[in-house]
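Accompanying notes for the structure given below.
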Amino acid sequence: MKLESIMKRSFLVNIFLVIIKIITGFLFNSVALIADGIHSISDLLSDIFVILGIRHSLKPADDEHPFGHGKFEYILSLMLGVFILIIAYGLGKEVIINYNDPVVIPGFITLIVVVFVVIIKLILARYLIKKGEEQDSLIIKASGRESLTDVFSSIVVFIGILSVLIGEKLEISILLKGDKIASIIIALFIINIGVRIIYEAITALQGKAVHPEICGEYKVKIVDINGVMDVDNIDMIAYGPYYQALVDIKVDGNMSIKEGHDIADKVSELLYSDEKVCHVVVHVNPGEKL
């Protein structure tokens, strides 16, 4: 499945959730639910951001970018992390400034809406993380983890609204602040995910090795090529959705240079047949037949 189509599904779900949360929050007087809706707006904007970035990162290699444009995905993740921190700051600041304003009691229906939101968002988060793992896409996984925090924040909203309703019923003043406290906790959740996304993006920009399990799958295919005695080493570097492969193969040391070169060409052809591989370097080592 293409990365862009994955994010378009996320985009449609987030549009729906933004509308549900914000309208319900305003109609039934829940500051925390409105705050959660703002959090979902950040999801919505990040989806647009990611879709546009994926289109750029999937551009083929050219003279100025021989390894393709895949690393733009990491720059995009970095920008997304910063954007999320800005959203969190604005949200937290607004709630703290208005903390001592008169308490407005939310309607009971907001609890039902929050439960519904948690279920939908959990499904979406698991879907994005799973697809990110399958596609080995940092930006898809980052979007999935950002969506997962929305699940936790919605649970916090549920607890906050419930505490306000209980506080009103039992006349416990401290519980009446539950809705606003929940909003502050949501802001902290958003800050946490923003920092994590920024950290992973910076790590990836420095050079991210492809998971050993994936390298092992390529190694098995290479060993099956006629003339390859063994794979002495295989290093693969991720360039966004693409891989650069550096392979050392062992061939019969009695072969001619041309024969060894032909086998290396077969290895290159095999790797290039995978659309995820953007660049291949094959080094031939002489070996002895047993």
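Naming scheme: A, B, ... for chains in displayed order of the structure tokens; residues 1 onward per chain; ligands 1 onward as shown.
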Contacts of A:Ala245 within 7 Å, only C-alpha atoms, excl. fewer than 2 positions in-chain, as a VMD selection string = chain A and resid 235 to 237 243 247 279 to 281
When DSSP works through the backbone of this structure, what residues of stretch 149-271 of chain A end up as helix (DSSP H, G or I), shown as an NGL selection string?
-> :A and (149-170 or 173-205 or 212-223 or 257-271)
Of the listed residues A:Ile38, A:Met229, A:Val220, A:Val114, that which approaches A:Ala187 most closely, counting only C-alpha atoms |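 Closest candidate: A:Ile38.
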List the neighbours of A:Val82 out to 9 Å using only C-alpha atoms; skip same-chain residues closer than 6 positions along the sequence, and give me the result as a ChimeraX atom specification.
-> /A:194-195,197-198
Selection: 10 Å around A:Pro106, only C-alpha atoms, excl. self and same-chain fewer than 6 positions, as a JSON list (two decimals) with N, CA and C atoms, in the first residue's frame:
[["chain", "number", "residue", "atom", "x", "y", "z"],
["A", 24, "THR", "N", -18.94, 19.00, 20.11],
["A", 24, "THR", "CA", -19.45, 18.48, 21.38],
["A", 24, "THR", "C", -18.92, 19.30, 22.56],
["A", 25, "GLY", "N", -17.64, 19.68, 22.49],
["A", 25, "GLY", "CA", -17.04, 20.47, 23.56],
["A", 25, "GLY", "C", -17.74, 21.80, 23.76],
["A", 26, "PHE", "N", -18.07, 22.46, 22.66],
["A", 26, "PHE", "CA", -18.75, 23.76, 22.74],
["A", 26, "PHE", "C", -20.22, 23.61, 23.17],
["A", 27, "LEU", "N", -20.89, 22.60, 22.62],
["A", 27, "LEU", "CA", -22.31, 22.42, 22.93],
["A", 27, "LEU", "C", -22.54, 21.99, 24.38],
["A", 28, "PHE", "N", -21.57, 21.21, 24.92],
["A", 28, "PHE", "CA", -21.79, 20.66, 26.26],
["A", 28, "PHE", "C", -20.74, 21.13, 27.26],
["A", 29, "ASN", "N", -20.10, 22.25, 26.95],
["A", 29, "ASN", "CA", -19.26, 22.99, 27.92],
["A", 29, "ASN", "C", -18.07, 22.21, 28.49],
["A", 30, "SER", "N", -17.29, 21.57, 27.62],
["A", 30, "SER", "CA", -16.09, 20.86, 28.09],
["A", 30, "SER", "C", -14.83, 21.50, 27.52],
["A", 31, "VAL", "N", -14.07, 22.19, 28.39],
["A", 31, "VAL", "CA", -12.81, 22.81, 27.97],
["A", 31, "VAL", "C", -11.83, 21.74, 27.53],
["A", 32, "ALA", "N", -11.80, 20.62, 28.27],
["A", 32, "ALA", "CA", -10.84, 19.55, 27.97],
["A", 32, "ALA", "C", -11.14, 18.91, 26.62],
["A", 33, "LEU", "N", -12.41, 18.74, 26.30],
["A", 33, "LEU", "CA", -12.78, 18.13, 25.02],
["A", 33, "LEU", "C", -12.43, 19.07, 23.87],
["A", 161, "ILE", "N", -13.53, 15.11, 32.86],
["A", 161, "ILE", "CA", -14.96, 15.43, 32.81],
["A", 161, "ILE", "C", -15.71, 14.70, 33.93],
["A", 162, "LEU", "N", -15.35, 13.43, 34.12],
["A", 162, "LEU", "CA", -16.00, 12.64, 35.16],
["A", 162, "LEU", "C", -15.78, 13.25, 36.54],
["A", 164, "VAL", "N", -15.30, 16.39, 37.24],
["A", 164, "VAL", "CA", -16.12, 17.61, 37.36],
["A", 164, "VAL", "C", -17.57, 17.24, 37.71],
["A", 165, "LEU", "N", -18.09, 16.23, 37.02],
["A", 165, "LEU", "CA", -19.47, 15.82, 37.28],
["A", 165, "LEU", "C", -19.63, 15.28, 38.71],
["A", 179, "ASP", "N", -11.54, 19.22, 34.68],
["A", 179, "ASP", "CA", -11.57, 19.46, 33.24],
["A", 179, "ASP", "C", -10.34, 20.26, 32.80]]
10 Å contact set for A:Asn285, only C-alpha atoms, chain neighbours under 4 positions out, as an NGL selection string | :A and (229-232 or 248-253 or 260)
Please identify all polymer residues within 9 Å of A:Ile120, counting only C-alpha atoms, omitting same-chain residues fewer than 4 positions from it, and present them as JSON, numbers by chain.
-> {"A": [13, 17, 115, 116, 124, 125, 151]}
By how many Å are atom CA of A:Ile190 and atom CA of A:Ala238 apart?
-> 27.3 Å
Return the single residue from A:Leu12, A:Leu246, A:Ala204, A:Met79 that is closest to A:Lys121, with distances computed using only C-alpha atoms.
->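 Closest residue, counting only C-alpha atoms: A:Leu12.
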Considering only C-alpha atoms, return as a PDB file with N, CA and C atoms, in the first residue's frame whatever protein or nucleic-acid residues lie within 12 Å of A:Lys130, sequence-local ones (same chain, fewer than 5 positions apart) excluded.
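File written: result.pdb
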ATOM      1  N   MET A   1       0.844  -1.201   0.000  1.00  0.00           N
ATOM      2  CA  MET A   1       0.000   0.000   0.000  1.00  0.00           C
ATOM      3  C   MET A   1       0.879   1.251   0.000  1.00  0.00           C
ATOM      4  N   ILE A   6      -2.150   5.655   2.763  1.00  0.00           N
ATOM      5  CA  ILE A   6      -2.251   5.377   4.199  1.00  0.00           C
ATOM      6  C   ILE A   6      -2.584   6.665   4.944  1.00  0.00           C
ATOM      7  N   ILE A 123      -7.838   2.463  17.045  1.00  0.00           N
ATOM      8  CA  ILE A 123      -7.803   1.693  15.795  1.00  0.00           C
ATOM      9  C   ILE A 123      -6.889   2.377  14.785  1.00  0.00           C
ATOM     10  N   LEU A 124      -7.026   3.710  14.662  1.00  0.00           N
ATOM     11  CA  LEU A 124      -6.209   4.461  13.715  1.00  0.00           C
ATOM     12  C   LEU A 124      -4.725   4.405  14.078  1.00  0.00           C
ATOM     13  N   ALA A 125      -4.412   4.603  15.363  1.00  0.00           N
ATOM     14  CA  ALA A 125      -3.017   4.606  15.808  1.00  0.00           C
ATOM     15  C   ALA A 125      -2.354   3.267  15.527  1.00  0.00           C
ATOM     16  N   GLN A 135       6.147  -0.712   6.024  1.00  0.00           N
ATOM     17  CA  GLN A 135       6.780   0.094   4.979  1.00  0.00           C
ATOM     18  C   GLN A 135       8.136   0.645   5.406  1.00  0.00           C
ATOM     19  N   ASP A 136       8.527   0.377   6.662  1.00  0.00           N
ATOM     20  CA  ASP A 136       9.775   0.904   7.228  1.00  0.00           C
ATOM     21  C   ASP A 136       9.824   2.427   7.043  1.00  0.00           C
ATOM     22  N   SER A 137       8.709   3.083   7.389  1.00  0.00           N
ATOM     23  CA  SER A 137       8.584   4.533   7.201  1.00  0.00           C
ATOM     24  C   SER A 137       8.569   5.233   8.556  1.00  0.00           C
ATOM     25  N   LEU A 138       9.597   6.047   8.803  1.00  0.00           N
ATOM     26  CA  LEU A 138       9.693   6.780  10.064  1.00  0.00           C
ATOM     27  C   LEU A 138       8.540   7.754  10.230  1.00  0.00           C
ATOM     28  N   ILE A 140       5.476   7.684   8.953  1.00  0.00           N
ATOM     29  CA  ILE A 140       4.202   7.016   9.208  1.00  0.00           C
ATOM     30  C   ILE A 140       4.141   6.542  10.658  1.00  0.00           C
ATOM     31  N   LYS A 141       5.246   5.955  11.143  1.00  0.00           N
ATOM     32  CA  LYS A 141       5.284   5.505  12.537  1.00  0.00           C
ATOM     33  C   LYS A 141       5.176   6.687  13.491  1.00  0.00           C
ATOM     34  N   ALA A 142       5.821   7.796  13.146  1.00  0.00           N
ATOM     35  CA  ALA A 142       5.742   8.995  13.990  1.00  0.00           C
ATOM     36  C   ALA A 142       4.304   9.504  14.055  1.00  0.00           C
ATOM     37  N   SER A 143       3.625   9.469  12.924  1.00  0.00           N
ATOM     38  CA  SER A 143       2.229   9.905  12.890  1.00  0.00           C
ATOM     39  C   SER A 143       1.358   8.969  13.717  1.00  0.00           C
ATOM     40  N   GLY A 144       1.679   7.670  13.671  1.00  0.00           N
ATOM     41  CA  GLY A 144       0.933   6.695  14.462  1.00  0.00           C
ATOM     42  C   GLY A 144       1.120   6.908  15.952  1.00  0.00           C
ATOM     43  N   ARG A 145       2.348   7.188  16.362  1.00  0.00           N
ATOM     44  CA  ARG A 145       2.615   7.418  17.781  1.00  0.00           C
ATOM     45  C   ARG A 145       1.964   8.721  18.250  1.00  0.00           C
TER      46      ARG A 145
END
Atom CA of A:Asp274 and atom CA of A:Gly287 are how many Å apart?
->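 If I compute the distance from atom CA of A:Asp274 to atom CA of A:Gly287, I get 27.7 Å.
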Which residue out of A:Tyr242, A:Ile234, A:Asn254, A:Leu176 has the minimum interatomic distance to A:Val282 when only C-alpha atoms are used?
-> A:Ile234
Counting only C-alpha atoms, the residue of A:Glu269, A:Lys276, A:Tyr127, A:Arg196 that sits nearest A:Val210 | A:Lys276
With distances taken over only C-alpha atoms, which of A:Leu148, A:Ile202, A:Ala182, A:Ile214 is nearest to A:Tyr74?
->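 When distances to A:Tyr74 are compared using only C-alpha atoms, the smallest one comes from A:Ile202.
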